[in-house]
Amino acid sequence: MEDLYEELGVDQTASLDEIKAKIDALDQDLMQKIGMGTLTEYEAADAASLISRAREAFSSESARDEYDEKLGIRTSGPSPEETRLQSVKEWYRRASGYADAGEYDLAAGAAREMLTYLRRSDERAVDAYLLAATVFAVEQSCRNADGQFDEAITCANQAILLDDGPASRICRAQIFEKSAGSRWGEKRDVIAEARRDYETAKELAEGRKDDKSKSQALGLLAKSYLRRIPLDVHKAKELAGQALECDPTNEVALTVKTSAEAQEAYIARKREEERLQEEQRAAYLKAEEERRKAEEEARKKAEEERQRSAKHARNMDRGVCAIKIVGRIIAVMCFFLITSIHSSGHSDPEAETASIACSLAIAAVFFIAGLRGDADRGLYGSLKFFLIVKALGGGLVGVVTFPYIATQTGGPWLVFLVLRWAALGIGMFLSGRYDEWLRSYGYDRSNSEEA
């Protein structure tokens with residue numbers, strides 16, 4: 001029996017896909033040679049017959065098994081294709097089991113072994129690629145691989161190429177979100193790509209009338225808007241509500257809706273607190289402004305009052321000085337008046353001399369007291385002290401000269417003594433009322449000295 005393996009130049013353990021690829025290559029080569037005219041008619045017919053027989057013998061796995069039995073290659077046991085498929089199933093089972101147990105490093109190793117046997121034409125190739133993509137993504141997330149998710153994304157893309165359905169799109173979207181990692185704030189384009197996949201999955205589910213897949217896509221999209229930048233709590237709540245309409249048991253949508261409602265309440269509460277704080281701050285600033293204006297007005301009034309008092313004090317100082325000068329002038333005039341009266345009433349030289357000496361002594365006391373008052377007590381003290389000393393001095397003169405005057409005459413001198421004693425009383429009265437009199441005009445000794 002003719003050995004087509006040998007004629008085609010392939011190994012007997014080659015897969016059916018490899019054999020078909022070899023037949024196609026020989027067919028193309030034959031057509032080129034015919035077109036170039038390098039083969040005779042007999043050689044071309046012989047090659048075409050070989051290709052025809054090979055296509056018939058290797059059209060399917062069952063046809064190949066029949067040919068192998070006729071050729072006597074295998075008499076028992078599974079074929080290589082069956083062995084490969086069995087390996088795929090075994091490694092798929094192991095990878096799934098390790099993933100369920102949380103041992104993603106072992107699950108990733110089993111998935112890689114599965115991919116070495118897996119072919120895109122296999123019946124469960126889509127499920128296998130999705131499992132591998134999920135396992136690889138979780139493994140990289142556990143390792144904090146900072147975006148090294150190429151292997152997982154490649155498997156997800158293979159699943160999309162084989163079956164562009166909701167499951168494949170959702171799987172790739174989740175990988176995109178995981179690939180953002182701890183630096184997702186710097187990868188908004190990746191988040192946007194994930195959200196586009198969720199939207200596509202939702203549309204595909206609507207086309208297939210798959211409410212469960214649609215609810216899953218909407219729930220995950222709502223979760224993305226709730227936790228990923230740019231955030232949109234209101235949209236997350238709306239999408240979660242749509243997901244629950246499709247599938248009320250969607251736990252992700254329930255969690256997102258609850259969290260979104262809590263966040264909206266928190267945001268509303270924070271805004272209210274900020275509004276109240278702003279109102280309090282505005283009220284505080286207004287009160288501070290009013291207090292500042294009031295203090296400024298009070299300060300201005302106090303300054304005006306101080307200036308007015310200082311001006312009044314200066315005017316009072318001038319008045320005191322004038323009173324003091326006038327008082328001393330009056331004292332001198334009284335001295336000369338008394339002297340003239342004394343001289344006109346008596347011609348005794350000794351008495352006249354004694355009277356003049358006593359008057360001079362009293363005048364000297366007045367003068368020294370005035371100087372001391374100016375130096376130690378200010379203008380106010382000087383004037384008050386002057387009045388007291390003058391009154392006492394006048395009384396003292398009267399007392400001292402009274403015996404002598406009484407022995408000489410009783411007429412004019414008695415009037416003089418009465419005037420002396422009246423001067424004493426008036427001086428004491430003025431010295432006692434002088435403080436009240438000055439204060440009634442707004443004069444204060446401390447202000448006067450400070451001014």
# chains A, B, ... in the order shown; residues from 1 in each chain; ligands from 1
>>> residues_around(residues="Asp247 of chain A", least_positions_apart="6", cutoff="7 Å", atoms="only C-alpha atoms", output="VMD selection string")
chain A and resid 211 to 212 215
>>> residues_around(residues="Tyr92 of chain A", least_positions_apart="6", cutoff="9 Å", atoms="only C-alpha atoms", output="MDAnalysis selection string")
chainID A and resid 110:111 113:114 128 131:132
>>> write_last_selection(atoms="all heavy atoms", output="compact mmCIF listing (two decimals), in the first residue's frame")
# COMPACT_ATOMS: atom_id res chain seq x y z
N ALA A 110 0.47 25.65 35.06
CA ALA A 110 -0.38 24.68 34.38
C ALA A 110 -0.99 25.28 33.11
O ALA A 110 -1.12 24.59 32.09
CB ALA A 110 -1.49 24.22 35.33
N ALA A 111 -1.35 26.58 33.17
CA ALA A 111 -1.91 27.23 31.98
C ALA A 111 -0.88 27.30 30.85
O ALA A 111 -1.22 27.13 29.67
CB ALA A 111 -2.40 28.62 32.35
N GLU A 113 1.55 25.16 30.33
CA GLU A 113 1.63 23.81 29.78
C GLU A 113 0.43 23.53 28.88
O GLU A 113 0.55 22.91 27.82
CB GLU A 113 1.67 22.79 30.93
CG GLU A 113 2.97 22.78 31.70
CD GLU A 113 4.12 22.26 30.85
OE1 GLU A 113 3.88 21.49 29.89
OE2 GLU A 113 5.27 22.64 31.12
N MET A 114 -0.75 23.99 29.29
CA MET A 114 -1.95 23.79 28.48
C MET A 114 -1.81 24.47 27.12
O MET A 114 -2.19 23.92 26.08
CB MET A 114 -3.16 24.34 29.23
CG MET A 114 -4.48 24.27 28.46
SD MET A 114 -5.82 25.13 29.32
CE MET A 114 -5.22 26.83 29.19
N ALA A 128 -10.23 27.95 27.20
CA ALA A 128 -8.84 27.77 27.64
C ALA A 128 -8.08 29.10 27.61
O ALA A 128 -7.35 29.43 28.55
CB ALA A 128 -8.15 26.75 26.74
N LEU A 131 -9.29 31.29 30.52
CA LEU A 131 -8.74 30.83 31.79
C LEU A 131 -7.27 31.25 31.92
O LEU A 131 -6.85 31.77 32.97
CB LEU A 131 -8.86 29.31 31.89
CG LEU A 131 -8.19 28.67 33.13
CD1 LEU A 131 -8.85 29.17 34.41
CD2 LEU A 131 -8.25 27.15 33.04
N ALA A 132 -6.51 31.04 30.86
CA ALA A 132 -5.10 31.42 30.90
C ALA A 132 -4.94 32.93 31.11
O ALA A 132 -4.09 33.38 31.89
CB ALA A 132 -4.41 30.99 29.60
>>> residues_around(residues="Asp127 of chain A", least_positions_apart="2", cutoff="12 Å", atoms="only C-alpha atoms", output="ChimeraX atom specification")
/A:88-89,92-93,95-96,111,114-115,118,120,122-125,129-134,155-156,158-160,162-163,165,167-168,171
>>> select_by_dssp(residues="segment 25-161 of chain A", states="helix (DSSP H, G or I)", output="JSON, numbers by chain")
{"A": [25, 26, 27, 28, 29, 30, 31, 32, 33, 34, 35, 36, 41, 42, 43, 44, 45, 46, 47, 48, 49, 50, 51, 52, 53, 54, 55, 56, 57, 61, 62, 63, 64, 65, 66, 67, 68, 69, 70, 71, 80, 81, 82, 83, 84, 85, 86, 87, 88, 89, 90, 91, 92, 93, 94, 95, 96, 97, 98, 99, 100, 104, 105, 106, 107, 108, 109, 110, 111, 112, 113, 114, 115, 116, 117, 125, 126, 127, 128, 129, 130, 131, 132, 133, 134, 135, 136, 137, 138, 139, 140, 141, 142, 150, 151, 152, 153, 154, 155, 156, 157, 158, 159, 160, 161]}
